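Next comes entry.cif, a file with mmCIF, C-alpha atoms.
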```
data_upload
loop_
_atom_site.label_atom_id
_atom_site.label_comp_id
_atom_site.auth_asym_id
_atom_site.auth_seq_id
_atom_site.Cartn_x
_atom_site.Cartn_y
_atom_site.Cartn_z
CA MET G 1 -10.85 4.47 -17.68
CA ILE G 2 -7.40 2.89 -17.68
CA TYR G 3 -6.96 -0.85 -17.86
CA ALA G 4 -4.65 -3.64 -19.01
CA SER G 5 -5.49 -5.37 -22.28
CA ARG G 6 -5.63 -9.10 -22.84
CA VAL G 7 -2.23 -10.73 -22.72
CA ASP G 8 -0.36 -11.59 -25.88
CA ALA G 9 1.61 -14.77 -26.60
CA ALA G 10 4.35 -13.54 -24.23
CA PHE G 11 1.76 -12.92 -21.47
CA LYS G 12 2.19 -9.16 -21.66
CA SER G 13 -0.47 -6.45 -21.89
CA LEU G 14 -0.86 -2.96 -23.23
CA ILE G 15 -2.11 -0.24 -20.90
CA VAL G 16 -5.23 1.25 -22.49
CA ALA G 17 -7.11 4.48 -21.76
CA ILE G 18 -10.66 5.01 -23.00
CA ASP G 19 -13.09 7.90 -22.67
CA ARG G 20 -16.65 7.80 -21.31
CA THR G 21 -18.00 6.52 -24.63
CA GLY G 22 -15.52 3.64 -24.80
CA ALA G 23 -13.39 5.23 -27.51
CA VAL G 24 -9.67 4.51 -27.13
CA LEU G 25 -7.66 7.56 -26.13
CA TRP G 26 -4.25 5.86 -26.21
CA THR G 27 -2.36 2.64 -25.65
CA SER G 28 1.02 2.43 -23.93
CA HIS G 29 3.89 3.16 -26.28
CA ASP G 30 7.56 4.09 -26.30
CA PRO G 31 8.59 7.71 -27.05
CA GLY G 32 9.18 6.63 -30.65
CA GLY G 33 5.63 5.32 -30.98
CA ALA G 34 6.23 1.55 -30.77
CA ALA G 35 3.81 -0.42 -28.59
CA HIS G 36 5.10 -1.01 -25.07
CA ARG G 37 3.68 -4.02 -23.27
CA PHE G 38 3.93 -4.87 -19.58
CA THR G 39 3.72 -7.87 -17.29
CA ILE G 40 0.43 -7.23 -15.49
CA GLU G 41 -0.81 -9.79 -12.97
CA ASN G 42 -2.09 -8.11 -9.81
CA ALA G 43 -1.01 -4.52 -10.30
CA ALA G 44 -3.08 -1.37 -9.84
CA VAL G 45 -3.08 2.09 -11.41
CA THR G 46 -2.11 5.23 -9.46
CA LEU G 47 -2.78 8.68 -10.95
CA ALA G 48 -0.62 11.68 -9.99
CA ASN G 49 0.65 14.90 -11.53
CA PHE G 50 4.41 15.26 -11.89
CA ASP G 51 4.50 18.26 -14.24
CA ALA G 52 2.93 21.70 -14.61
CA ASP G 53 0.03 20.75 -16.86
CA PRO G 54 -3.42 19.82 -15.50
CA MET G 55 -3.35 16.25 -16.82
CA ALA G 56 -2.37 13.31 -14.61
CA GLU G 57 0.41 10.85 -15.25
CA VAL G 58 -0.02 7.11 -14.71
CA VAL G 59 2.01 5.01 -12.26
CA ILE G 60 1.77 1.21 -12.20
CA GLY G 61 4.24 -0.26 -9.72
CA GLY G 62 7.64 0.70 -11.10
CA ALA G 63 6.35 2.16 -14.37
CA LEU G 64 5.53 5.78 -15.23
CA LEU G 65 3.48 6.87 -18.25
CA ASP G 66 2.78 10.39 -19.43
CA HIS G 67 -0.85 11.49 -19.82
CA ASP G 68 -0.78 10.42 -23.49
CA GLY G 69 0.44 6.86 -22.80
CA THR G 70 4.14 7.47 -23.50
CA VAL G 71 6.21 5.17 -21.30
CA LEU G 72 8.84 7.25 -19.49
CA TRP G 73 10.04 4.70 -16.92
CA ASP G 74 9.90 0.90 -16.84
CA GLN G 75 12.07 -0.31 -13.96
CA GLY G 76 13.89 -3.47 -14.99
CA GLY G 77 12.91 -3.01 -18.64
CA ASN G 78 10.94 -5.26 -20.96
CA GLY G 79 7.66 -4.49 -19.21
CA ALA G 80 8.81 -5.58 -15.73
CA GLY G 81 8.00 -2.29 -13.99
CA PRO G 82 4.48 -3.18 -12.77
CA THR G 83 5.83 -6.21 -10.89
CA LEU G 84 7.88 -3.96 -8.57
CA GLY G 85 6.34 -4.03 -5.11
CA THR G 86 5.35 -7.70 -5.23
CA ASN G 87 4.15 -8.91 -1.82
CA ALA G 88 5.64 -12.35 -1.14
CA THR G 89 4.62 -14.52 -4.14
CA TYR G 90 1.60 -12.42 -5.14
CA THR G 91 3.11 -10.82 -8.23
CA GLY G 92 2.24 -7.19 -8.89
CA GLY G 93 2.81 -3.79 -7.34
CA ILE G 94 0.54 -1.03 -6.05
CA ALA G 95 2.52 2.22 -5.91
CA ALA G 96 1.81 5.33 -3.88
CA VAL G 97 2.84 8.89 -4.72
CA ALA G 98 3.70 11.55 -2.12
CA ASP G 99 6.17 14.32 -1.37
CA LEU G 100 8.38 12.50 1.12
CA ASP G 101 11.19 15.02 1.49
CA GLY G 102 9.20 18.27 1.52
CA ASP G 103 10.74 19.72 -1.65
CA GLY G 104 7.36 20.26 -3.31
CA ARG G 105 7.86 17.47 -5.82
CA PRO G 106 6.24 14.03 -5.47
CA GLU G 107 8.15 10.78 -5.11
CA ILE G 108 6.99 7.32 -6.18
CA ILE G 109 6.86 4.68 -3.45
CA THR G 110 6.68 1.20 -4.96
CA GLY G 111 6.87 -0.63 -1.63
CA LYS G 112 10.24 -1.08 0.03
CA GLN G 113 11.70 1.45 -2.41
CA ALA G 114 11.15 5.16 -2.96
CA TRP G 115 12.07 6.97 -6.18
CA ARG G 116 12.70 10.60 -7.04
CA VAL G 117 11.26 11.91 -10.31
CA THR G 118 12.92 14.73 -12.23
CA TRP G 119 10.55 15.96 -14.94
CA ASN G 120 11.59 17.53 -18.25
CA ALA G 121 8.63 19.15 -19.99
CA GLY G 122 10.29 18.95 -23.39
CA PRO G 123 8.91 18.62 -25.96
CA PRO G 124 8.98 15.72 -25.93
CA ALA G 125 8.37 15.18 -22.22
CA SER G 126 10.78 12.91 -20.38
CA ALA G 127 11.44 11.87 -16.80
CA THR G 128 14.54 10.73 -14.95
CA VAL G 129 13.67 8.38 -12.09
CA THR G 130 16.39 7.67 -9.53
CA ALA G 131 16.46 5.64 -6.31
CA TYR G 132 15.77 7.67 -3.15
CA TRP G 133 15.92 4.96 -0.49
CA THR G 134 15.48 1.19 -0.11
CA TYR G 135 14.14 -0.43 3.06
CA ALA G 136 16.14 -3.44 4.25
CA GLY G 137 13.03 -5.60 4.78
CA ALA G 138 10.57 -7.36 2.50
CA ASP G 139 8.70 -5.72 -0.40
CA GLY G 140 4.96 -5.15 -0.47
CA TYR G 141 2.12 -2.62 -0.59
CA PRO G 142 2.60 0.97 0.68
CA ALA G 143 0.33 3.68 2.03
CA ILE G 144 1.41 7.16 3.11
CA ALA G 145 0.31 9.35 6.05
CA ASP G 146 1.75 11.61 8.74
CA LEU G 147 1.17 9.27 11.68
CA ASP G 148 2.83 11.32 14.42
CA GLY G 149 1.77 14.80 13.31
CA ASP G 150 5.29 16.14 12.85
CA GLY G 151 4.65 17.36 9.31
CA HIS G 152 6.61 14.54 7.67
CA PRO G 153 4.93 11.48 6.13
CA GLU G 154 5.46 7.90 7.19
CA VAL G 155 5.16 4.87 4.91
CA VAL G 156 3.03 1.95 6.10
CA LEU G 157 4.13 -1.18 4.29
CA THR G 158 2.27 -4.50 4.25
CA ALA G 159 4.85 -7.11 3.31
CA SER G 160 5.12 -10.88 3.77
CA ALA G 161 2.60 -11.21 6.63
CA GLN G 162 3.87 -8.16 8.52
CA VAL G 163 2.97 -4.49 8.84
CA HIS G 164 6.03 -2.22 8.77
CA VAL G 165 6.07 1.53 9.47
CA LEU G 166 8.92 3.45 7.84
CA ASP G 167 10.31 6.94 8.12
CA GLY G 168 9.31 8.52 4.82
CA ARG G 169 12.53 10.51 4.52
CA THR G 170 15.00 7.67 5.18
CA GLY G 171 13.29 4.31 4.63
CA LEU G 172 14.36 3.22 8.12
CA LEU G 173 11.88 1.75 10.58
CA TRP G 174 9.85 4.52 12.18
CA CYS G 175 10.87 5.94 15.55
CA GLY G 176 7.42 5.81 17.13
CA ARG G 177 8.70 6.92 20.53
CA ASP G 178 10.16 10.19 19.21
CA PRO G 179 9.14 11.98 15.99
CA THR G 180 12.59 13.58 15.79
CA GLY G 181 14.24 10.14 15.78
CA ALA G 182 16.80 11.23 18.39
CA ALA G 183 15.61 8.68 20.94
CA CYS G 184 16.10 5.76 18.54
CA THR G 185 19.85 5.41 18.91
CA THR G 186 19.75 1.73 17.84
CA ALA G 187 17.65 -0.21 15.35
CA ALA G 188 16.07 -2.18 18.22
CA LEU G 189 14.51 1.01 19.63
CA ARG G 190 12.61 1.68 16.42
CA THR G 191 9.02 0.48 16.01
CA GLN G 192 9.32 -3.15 14.98
CA PRO G 193 7.12 -4.84 12.33
CA LEU G 194 3.79 -6.24 13.48
CA ASN G 195 3.01 -9.83 12.53
CA ILE G 196 -0.37 -10.45 10.91
CA PRO G 197 -1.83 -13.43 12.79
CA GLY G 198 -2.73 -16.64 11.01
CA GLY G 199 0.40 -17.65 9.13
CA ALA G 200 2.15 -16.42 6.02
CA THR G 201 0.46 -18.57 3.38
CA GLN G 202 -2.96 -16.90 3.42
CA ASN G 203 -2.19 -13.82 5.47
CA ARG G 204 0.58 -12.19 3.47
CA GLY G 205 -1.51 -9.01 3.85
CA GLY G 206 -3.38 -6.68 1.53
CA PRO G 207 -2.91 -2.98 0.75
CA PRO G 208 -3.13 -0.89 3.94
CA THR G 209 -5.89 1.64 4.55
CA ILE G 210 -5.08 4.58 6.85
CA ALA G 211 -7.88 6.47 8.57
CA ASP G 212 -9.26 7.63 11.91
CA PHE G 213 -11.58 4.65 12.26
CA ASP G 214 -13.12 5.47 15.64
CA GLY G 215 -13.20 9.28 15.60
CA ASP G 216 -10.66 9.79 18.39
CA GLY G 217 -8.42 11.95 16.22
CA ARG G 218 -5.72 9.30 15.83
CA LEU G 219 -4.80 7.61 12.58
CA ARG G 220 -4.71 3.83 12.32
CA SER G 221 -3.61 1.54 9.54
CA ALA G 222 -5.68 -1.52 8.63
CA SER G 223 -4.09 -4.29 6.57
CA PRO G 224 -6.60 -6.97 5.54
CA ALA G 225 -5.70 -10.59 4.89
CA ALA G 226 -7.49 -13.86 4.25
CA THR G 227 -8.29 -14.69 7.89
CA ALA G 228 -7.03 -11.66 9.80
CA THR G 229 -7.03 -7.89 9.84
CA ALA G 230 -4.13 -6.08 11.49
CA LEU G 231 -4.70 -2.59 12.86
CA ARG G 232 -1.88 -0.35 13.96
CA SER G 233 -2.10 3.13 15.42
CA GLY G 234 0.42 5.85 14.71
CA ALA G 235 -0.76 8.66 16.95
CA ALA G 236 0.06 9.33 20.59
CA GLY G 237 -1.42 6.72 22.90
CA ARG G 238 -0.54 4.46 25.77
CA GLY G 239 1.31 1.46 24.43
CA PRO G 240 0.16 -1.87 22.98
CA ASP G 241 -3.57 -2.08 23.64
CA ARG G 242 -4.38 -5.73 23.09
CA ARG G 243 -3.95 -8.56 20.69
CA HIS G 244 -6.26 -11.49 20.09
CA ALA G 245 -5.89 -14.58 17.93
CA GLY G 246 -8.09 -17.65 17.73
CA ALA G 247 -11.65 -18.88 17.38
CA GLY G 248 -14.30 -17.95 19.90
CA ARG G 249 -12.68 -14.66 20.96
CA ARG G 250 -14.59 -11.97 19.09
CA ARG G 251 -14.16 -8.29 19.00
CA ASP G 252 -16.37 -6.70 16.41
CA LEU G 253 -14.04 -4.33 14.56
CA ARG G 254 -17.06 -2.66 13.08
CA ALA G 255 -17.44 -0.89 16.42
CA LEU G 256 -14.13 0.81 15.73
CA VAL G 257 -15.48 2.38 12.56
CA ALA G 258 -18.83 3.61 13.81
CA GLY G 259 -19.80 6.59 11.72
CA HIS G 260 -17.51 5.54 8.87
CA PRO G 261 -19.77 3.53 6.54
CA GLY G 262 -18.75 2.11 3.18
CA PRO G 263 -15.61 0.41 1.96
CA VAL G 264 -13.57 1.09 5.09
CA VAL G 265 -16.04 -0.91 7.15
CA GLU G 266 -15.69 -3.81 4.76
CA ARG G 267 -11.91 -3.66 4.94
CA VAL G 268 -11.78 -3.92 8.73
CA GLY G 269 -14.94 -5.86 9.49
CA LEU G 270 -15.34 -9.36 10.81
CA VAL G 271 -13.80 -12.10 8.71
CA GLY G 272 -15.96 -15.13 7.96
CA VAL G 273 -14.18 -18.45 7.42
CA ARG G 274 -15.28 -22.04 7.47
CA LEU G 275 -14.04 -23.76 10.61
CA PRO G 276 -12.90 -27.39 10.25
CA GLY G 277 -15.38 -29.90 11.57
CA ARG G 278 -18.19 -27.39 12.05
CA ARG G 279 -21.46 -27.23 10.18
CA ARG G 280 -22.24 -24.12 8.26
CA ARG G 281 -24.71 -21.84 10.01
CA ARG G 282 -27.77 -20.59 8.25
CA GLY G 283 -27.14 -17.33 6.50
CA GLY G 284 -23.37 -17.43 6.68
CA LEU G 285 -20.16 -19.11 7.67
CA GLN G 286 -18.91 -19.77 11.17
CA ARG G 287 -17.13 -16.66 12.34
CA ARG G 288 -13.52 -16.55 13.47
CA VAL G 289 -11.86 -13.22 14.17
CA LEU G 290 -8.09 -12.85 14.17
CA HIS G 291 -6.79 -9.36 14.58
CA ALA G 292 -4.22 -7.17 16.28
CA VAL G 293 -4.85 -3.68 17.61
CA TYR G 294 -1.88 -1.53 18.57
CA ARG G 295 -1.77 1.99 19.96
CA ALA G 296 1.54 3.76 19.45
CA PRO G 297 2.86 5.12 22.76
CA THR G 298 4.50 8.44 23.54
CA ALA G 299 7.31 7.11 25.73
CA ALA G 300 7.79 3.60 24.39
CA CYS G 301 7.11 1.89 21.11
CA SER G 302 5.49 -1.44 20.42
#
```

Mind converting the file's structure to C-alpha coordinates?
Amino acid sequence: MIYASRVDAAFKSLIVAIDRTGAVLWTSHDPGGAAHRFTIENAAVTLANFDADPMAEVVIGGALLDHDGTVLWDQGGNGAGPTLGTNATYTGGIAAVADLDGDGRPEIITGKQAWRVTWNAGPPASATVTAYWTYAGADGYPAIADLDGDGHPEVVLTASAQVHVLDGRTGLLWCGRDPTGAACTTAALRTQPLNIPGGATQNRGGPPTIADFDGDGRLRSASPAATATALRSGAAGRGPDRRHAGAGRRRDLRALVAGHPGPVVERVGLVGVRLPGRRRRRGGLQRRVLHAVYRAPTAACS
(Lines of atoms letter the chains of each structure in order from A and count residues from 1; the text may use other names and numbers.)
(Lines give C-alpha, C1' and ligand atoms only; values in the text may rest on other atoms or scores of the structure.)
Protein backbone atom coordinates (compact mmCIF):
# COMPACT_ATOMS: atom_id res chain seq x y z
CA MET A 1 0.00 0.00 0.00
CA ILE A 2 1.16 3.53 -0.79
CA TYR A 3 -0.31 6.51 0.99
CA ALA A 4 0.38 10.05 2.18
CA SER A 5 1.25 10.53 5.84
CA ARG A 6 -0.29 13.09 8.16
CA VAL A 7 0.74 16.63 7.34
CA ASP A 8 3.48 18.37 9.27
CA ALA A 9 3.51 21.98 10.47
CA ALA A 10 4.07 23.12 6.87
CA PHE A 11 1.07 21.03 5.68
CA LYS A 12 3.28 18.62 3.77
CA SER A 13 3.28 14.82 3.82
CA LEU A 14 5.67 11.96 3.26
CA ILE A 15 4.74 9.27 0.76
CA VAL A 16 4.78 5.95 2.62
CA ALA A 17 4.82 2.36 1.33
CA ILE A 18 3.91 -0.54 3.60
CA ASP A 19 3.74 -4.29 3.04
CA ARG A 20 0.79 -6.61 3.68
CA THR A 21 1.62 -6.81 7.39
CA GLY A 22 1.71 -3.03 7.81
CA ALA A 23 5.50 -2.84 8.08
CA VAL A 24 6.97 0.27 6.47
CA LEU A 25 8.94 -0.47 3.32
CA TRP A 26 10.07 3.11 2.67
CA THR A 27 9.18 6.76 2.98
CA SER A 28 9.83 9.35 0.29
CA HIS A 29 13.36 10.68 0.36
CA ASP A 30 15.90 12.56 -1.73
CA PRO A 31 18.75 10.63 -3.42
CA GLY A 32 20.95 11.62 -0.49
CA GLY A 33 18.53 10.08 2.01
CA ALA A 34 16.88 13.22 3.44
CA ALA A 35 13.10 13.07 3.89
CA HIS A 36 11.19 14.59 0.97
CA ARG A 37 7.71 15.87 1.77
CA PHE A 38 4.98 16.85 -0.67
CA THR A 39 1.87 18.99 -0.80
CA ILE A 40 -0.87 16.35 -0.96
CA GLU A 41 -4.50 17.47 -1.02
CA ASN A 42 -6.50 15.54 -3.61
CA ALA A 43 -3.80 13.69 -5.51
CA ALA A 44 -3.73 10.01 -6.47
CA VAL A 45 -0.99 7.44 -7.00
CA THR A 46 -0.20 5.96 -10.44
CA LEU A 47 2.11 2.93 -10.73
CA ALA A 48 4.15 2.33 -13.90
CA ASN A 49 7.47 0.81 -14.91
CA PHE A 50 10.00 3.14 -16.53
CA ASP A 51 13.08 0.91 -16.30
CA ALA A 52 14.13 -2.67 -17.01
CA ASP A 53 13.54 -4.12 -13.55
CA PRO A 54 10.24 -5.77 -12.54
CA MET A 55 9.41 -3.22 -9.84
CA ALA A 56 7.04 -0.31 -10.48
CA GLU A 57 7.82 3.35 -10.04
CA VAL A 58 5.39 5.77 -8.41
CA VAL A 59 3.86 8.82 -10.11
CA ILE A 60 1.83 11.39 -8.18
CA GLY A 61 0.84 14.30 -10.41
CA GLY A 62 4.14 15.88 -11.39
CA ALA A 63 6.32 13.77 -9.10
CA LEU A 64 8.20 10.54 -9.88
CA LEU A 65 9.59 8.18 -7.24
CA ASP A 66 11.72 5.09 -7.79
CA HIS A 67 10.48 1.77 -6.39
CA ASP A 68 12.44 2.38 -3.17
CA GLY A 69 10.92 5.82 -2.48
CA THR A 70 13.76 7.91 -3.94
CA VAL A 71 12.33 11.12 -5.38
CA LEU A 72 13.62 11.55 -8.94
CA TRP A 73 11.33 14.35 -10.12
CA ASP A 74 9.33 16.99 -8.26
CA GLN A 75 8.04 19.52 -10.78
CA GLY A 76 8.20 23.00 -9.28
CA GLY A 77 10.31 21.79 -6.35
CA ASN A 78 9.65 21.92 -2.63
CA GLY A 79 7.01 19.19 -2.83
CA ALA A 80 4.80 20.96 -5.39
CA GLY A 81 4.81 18.13 -7.94
CA PRO A 82 1.58 16.39 -6.82
CA THR A 83 -0.40 19.61 -7.34
CA LEU A 84 0.30 19.54 -11.09
CA GLY A 85 -2.90 18.71 -12.93
CA THR A 86 -5.17 20.66 -10.58
CA ASN A 87 -8.71 20.88 -11.98
CA ALA A 88 -10.02 24.43 -11.46
CA THR A 89 -9.66 25.12 -7.71
CA TYR A 90 -9.65 21.46 -6.63
CA THR A 91 -5.96 21.19 -5.81
CA GLY A 92 -4.23 17.93 -6.71
CA GLY A 93 -3.28 15.97 -9.79
CA ILE A 94 -4.06 12.48 -11.09
CA ALA A 95 -1.45 11.53 -13.69
CA ALA A 96 -1.68 8.91 -16.41
CA VAL A 97 1.21 7.02 -18.01
CA ALA A 98 1.26 5.85 -21.64
CA ASP A 99 3.51 5.61 -24.68
CA LEU A 100 2.20 8.58 -26.63
CA ASP A 101 4.76 8.74 -29.42
CA GLY A 102 5.22 5.02 -30.14
CA ASP A 103 8.91 4.87 -29.20
CA GLY A 104 8.38 2.05 -26.70
CA ARG A 105 8.97 4.27 -23.68
CA PRO A 106 6.14 5.64 -21.52
CA GLU A 107 5.37 9.32 -21.05
CA ILE A 108 3.74 10.95 -18.03
CA ILE A 109 0.56 12.90 -18.69
CA THR A 110 -0.24 15.19 -15.77
CA GLY A 111 -3.25 16.83 -17.43
CA LYS A 112 -2.69 19.58 -19.98
CA GLN A 113 0.99 18.63 -20.07
CA ALA A 114 2.87 15.55 -21.23
CA TRP A 115 6.42 14.72 -20.15
CA ARG A 116 9.13 12.50 -21.58
CA VAL A 117 11.15 10.37 -19.14
CA THR A 118 14.74 9.39 -19.86
CA TRP A 119 15.82 6.72 -17.38
CA ASN A 120 19.38 6.13 -16.16
CA ALA A 121 19.68 2.82 -14.33
CA GLY A 122 22.77 3.93 -12.46
CA PRO A 123 23.55 3.06 -9.75
CA PRO A 124 22.15 5.20 -8.39
CA ALA A 125 19.07 5.37 -10.60
CA SER A 126 18.08 8.77 -11.94
CA ALA A 127 15.55 10.17 -14.38
CA THR A 128 15.50 13.24 -16.60
CA VAL A 129 11.96 14.49 -17.17
CA THR A 130 11.42 17.02 -19.96
CA ALA A 131 8.33 18.71 -21.38
CA TYR A 132 6.82 16.94 -24.42
CA TRP A 133 3.81 19.15 -25.13
CA THR A 134 1.46 21.57 -23.36
CA TYR A 135 -2.20 21.98 -24.31
CA ALA A 136 -3.35 25.59 -24.61
CA GLY A 137 -6.51 25.02 -22.54
CA ALA A 138 -7.23 24.45 -18.86
CA ASP A 139 -5.55 21.82 -16.67
CA GLY A 140 -7.32 18.81 -15.20
CA TYR A 141 -7.59 15.02 -15.08
CA PRO A 142 -6.41 12.84 -18.01
CA ALA A 143 -7.25 9.40 -19.33
CA ILE A 144 -5.66 7.70 -22.32
CA ALA A 145 -7.17 5.53 -25.10
CA ASP A 146 -7.05 5.05 -28.85
CA LEU A 147 -10.47 6.49 -29.63
CA ASP A 148 -10.36 6.32 -33.43
CA GLY A 149 -8.52 3.02 -33.83
CA ASP A 150 -5.57 4.47 -35.75
CA GLY A 151 -2.97 2.95 -33.43
CA HIS A 152 -2.17 6.25 -31.71
CA PRO A 153 -3.58 7.20 -28.30
CA GLU A 154 -5.75 10.20 -27.55
CA VAL A 155 -5.88 12.05 -24.24
CA VAL A 156 -9.30 12.74 -22.72
CA LEU A 157 -9.01 15.65 -20.32
CA THR A 158 -11.66 16.75 -17.82
CA ALA A 159 -10.86 20.36 -16.99
CA SER A 160 -12.87 23.28 -15.61
CA ALA A 161 -16.35 21.93 -16.43
CA GLN A 162 -15.40 20.72 -19.92
CA VAL A 163 -14.31 17.47 -21.55
CA HIS A 164 -11.43 17.96 -24.00
CA VAL A 165 -10.05 15.33 -26.39
CA LEU A 166 -6.42 15.84 -27.42
CA ASP A 167 -4.11 14.30 -29.97
CA GLY A 168 -1.70 12.29 -27.84
CA ARG A 169 1.28 13.08 -30.05
CA THR A 170 0.84 16.86 -30.26
CA GLY A 171 -1.40 18.07 -27.43
CA LEU A 172 -3.66 19.78 -29.97
CA LEU A 173 -7.41 19.26 -29.95
CA TRP A 174 -8.27 15.94 -31.58
CA CYS A 175 -9.24 15.81 -35.26
CA GLY A 176 -12.30 13.60 -34.80
CA ARG A 177 -13.30 13.88 -38.46
CA ASP A 178 -10.00 12.47 -39.75
CA PRO A 179 -7.55 10.30 -37.77
CA THR A 180 -4.69 11.53 -39.98
CA GLY A 181 -5.44 15.14 -39.02
CA ALA A 182 -5.21 16.28 -42.65
CA ALA A 183 -8.84 17.43 -42.75
CA CYS A 184 -8.38 19.74 -39.75
CA THR A 185 -6.70 22.60 -41.55
CA THR A 186 -7.85 25.12 -38.90
CA ALA A 187 -8.32 24.92 -35.14
CA ALA A 188 -12.09 25.40 -35.59
CA LEU A 189 -12.34 22.11 -37.51
CA ARG A 190 -10.93 20.13 -34.59
CA THR A 191 -13.26 18.48 -32.07
CA GLN A 192 -14.18 21.25 -29.65
CA PRO A 193 -14.49 20.79 -25.85
CA LEU A 194 -17.81 19.55 -24.51
CA ASN A 195 -19.37 21.54 -21.68
CA ILE A 196 -20.49 19.55 -18.64
CA PRO A 197 -24.03 20.79 -17.91
CA GLY A 198 -24.93 22.37 -14.60
CA GLY A 199 -22.41 25.17 -14.12
CA ALA A 200 -18.75 25.33 -13.21
CA THR A 201 -18.99 25.56 -9.42
CA GLN A 202 -20.12 21.99 -8.72
CA ASN A 203 -19.55 20.42 -12.11
CA ARG A 204 -15.85 21.06 -12.69
CA GLY A 205 -15.73 17.34 -13.59
CA GLY A 206 -14.08 14.25 -12.17
CA PRO A 207 -11.49 11.87 -13.62
CA PRO A 208 -12.71 10.39 -16.92
CA THR A 209 -13.43 6.69 -17.37
CA ILE A 210 -13.06 5.26 -20.90
CA ALA A 211 -14.86 2.06 -21.85
CA ASP A 212 -17.28 0.45 -24.28
CA PHE A 213 -20.28 1.01 -22.01
CA ASP A 214 -23.00 -0.46 -24.24
CA GLY A 215 -21.15 -3.26 -26.04
CA ASP A 216 -21.33 -1.71 -29.52
CA GLY A 217 -17.57 -1.83 -29.99
CA ARG A 218 -17.10 1.92 -29.61
CA LEU A 219 -15.24 3.59 -26.77
CA ARG A 220 -16.87 6.36 -24.76
CA SER A 221 -15.52 8.61 -22.06
CA ALA A 222 -17.58 9.33 -18.95
CA SER A 223 -16.67 12.31 -16.77
CA PRO A 224 -18.71 12.45 -13.55
CA ALA A 225 -19.55 15.64 -11.69
CA ALA A 226 -21.73 16.71 -8.79
CA THR A 227 -25.01 16.95 -10.72
CA ALA A 228 -24.09 15.75 -14.21
CA THR A 229 -22.26 13.04 -16.09
CA ALA A 230 -20.85 13.84 -19.53
CA LEU A 231 -20.37 11.01 -22.00
CA ARG A 232 -18.42 11.41 -25.20
CA SER A 233 -17.81 8.84 -27.90
CA GLY A 234 -14.60 8.60 -29.85
CA ALA A 235 -15.37 5.88 -32.37
CA ALA A 236 -17.00 6.16 -35.78
CA GLY A 237 -20.66 7.14 -35.54
CA ARG A 238 -23.19 9.53 -36.96
CA GLY A 239 -22.72 12.90 -35.32
CA PRO A 240 -24.04 14.42 -32.09
CA ASP A 241 -26.67 12.02 -30.79
CA ARG A 242 -28.55 14.05 -28.21
CA ARG A 243 -28.09 16.26 -25.22
CA HIS A 244 -30.43 16.73 -22.29
CA ALA A 245 -30.30 19.08 -19.33
CA GLY A 246 -32.91 19.76 -16.67
CA ALA A 247 -35.28 18.15 -14.19
CA GLY A 248 -37.99 15.79 -15.32
CA ARG A 249 -36.17 14.61 -18.47
CA ARG A 250 -34.68 11.25 -17.54
CA ARG A 251 -32.57 8.90 -19.48
CA ASP A 252 -31.31 6.07 -17.35
CA LEU A 253 -27.60 5.89 -18.19
CA ARG A 254 -27.49 2.51 -16.54
CA ALA A 255 -29.07 1.16 -19.73
CA LEU A 256 -25.91 2.19 -21.56
CA VAL A 257 -23.79 -0.04 -19.35
CA ALA A 258 -25.90 -3.18 -19.38
CA GLY A 259 -23.59 -6.11 -18.85
CA HIS A 260 -20.92 -3.93 -17.25
CA PRO A 261 -21.62 -4.18 -13.50
CA GLY A 262 -19.50 -2.63 -10.78
CA PRO A 263 -17.76 0.69 -10.44
CA VAL A 264 -18.37 1.80 -14.03
CA VAL A 265 -22.10 1.63 -13.46
CA GLU A 266 -21.74 3.83 -10.41
CA ARG A 267 -19.67 6.36 -12.33
CA VAL A 268 -22.25 6.84 -15.08
CA GLY A 269 -25.48 6.08 -13.26
CA LEU A 270 -28.30 8.39 -12.34
CA VAL A 271 -27.38 11.31 -10.12
CA GLY A 272 -29.57 11.95 -7.09
CA VAL A 273 -29.84 15.54 -5.86
CA ARG A 274 -32.26 17.37 -3.63
CA LEU A 275 -34.50 19.64 -5.68
CA PRO A 276 -35.40 23.01 -4.13
CA GLY A 277 -38.90 23.18 -2.76
CA ARG A 278 -39.56 19.45 -3.08
CA ARG A 279 -40.08 16.97 -0.29
CA ARG A 280 -37.71 14.08 -0.05
CA ARG A 281 -39.14 10.83 -1.35
CA ARG A 282 -39.07 7.71 0.72
CA GLY A 283 -35.96 5.71 0.14
CA GLY A 284 -34.01 8.40 -1.66
CA LEU A 285 -33.69 11.89 -3.02
CA GLN A 286 -35.65 13.43 -5.86
CA ARG A 287 -33.90 12.49 -9.07
CA ARG A 288 -32.57 14.97 -11.59
CA VAL A 289 -30.48 13.77 -14.50
CA LEU A 290 -28.18 16.11 -16.39
CA HIS A 291 -26.01 14.53 -19.00
CA ALA A 292 -24.62 14.83 -22.51
CA VAL A 293 -24.16 11.95 -24.93
CA TYR A 294 -22.08 12.51 -28.05
CA ARG A 295 -21.21 10.14 -30.86
CA ALA A 296 -18.14 11.13 -32.86
CA PRO A 297 -18.94 11.25 -36.58
CA THR A 298 -16.92 10.04 -39.54
CA ALA A 299 -17.45 13.07 -41.78
CA ALA A 300 -18.01 15.86 -39.28
CA CYS A 301 -17.05 16.43 -35.69
CA SER A 302 -19.12 17.66 -32.80

Distance CA of Pro142 in chain G-CA of Ala121 in chain G, one decimal place?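 Interatomic distance here is 28.2 Å.
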
Distance criterion (all atoms listed in the file): nearest to Ala9 in chain G out of G:Pro31, G:Ala23, G:Gly217, G:Thr39: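 Once distances to Ala9 in chain G are computed over all atoms listed in the file, the minimum belongs to G:Thr39.
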
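Interatomic distance, CA of Ala10 in chain G against CA of Leu65 in chain G: 21.3 Å.
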
Taking the file as I've supplied it (selection: the PyMOL selection byres ((chain G and resi 46-53) around 7)), which residues are included? Please answer as a count of residues only. 14

Residue contacts of range 84-94 of chain G (12 Å, all atoms listed in the file) excluding same-chain residues fewer than 2 positions away, as a count of residues only: 59

Could you tell me which of G:Asn78, G:Thr180, G:Thr70, G:Asn120 comes closest to Ala17 in chain G if we count all atoms listed in the file? G:Thr70

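Taking CA of Leu72 in chain G as the reference point, CA of Asp30 in chain G is found at 7.6 Å.
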
Please return the centre and edge lengths, in Å to one decimal, of a box with edges along x, y and z that contains all listed atoms of range 104-113 of chain G, widened by 5 Å on every side, as lines of an AutoDock Vina configuration file.
```
center_x = 9.0
center_y = 9.6
center_z = -3.1
size_x = 15.5
size_y = 31.3
size_z = 16.2
```

From the set G:Arg218, G:His67, G:His164, G:Arg169, which residue has the shortest atom-to-atom contact distance to Glu107 in chain G, counting only C-alpha atoms?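 With only C-alpha atoms as the atom set, the closest residue is G:Arg169.
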
Convert the output of the PyMOL selection byres ((chain G and resi 146) around 12) on the shown file into explicit residues, formatted as a ChimeraX atom specification. /G:98-100,143-145,147-156,165-169,174,176,179,210-211,218-221,233-235
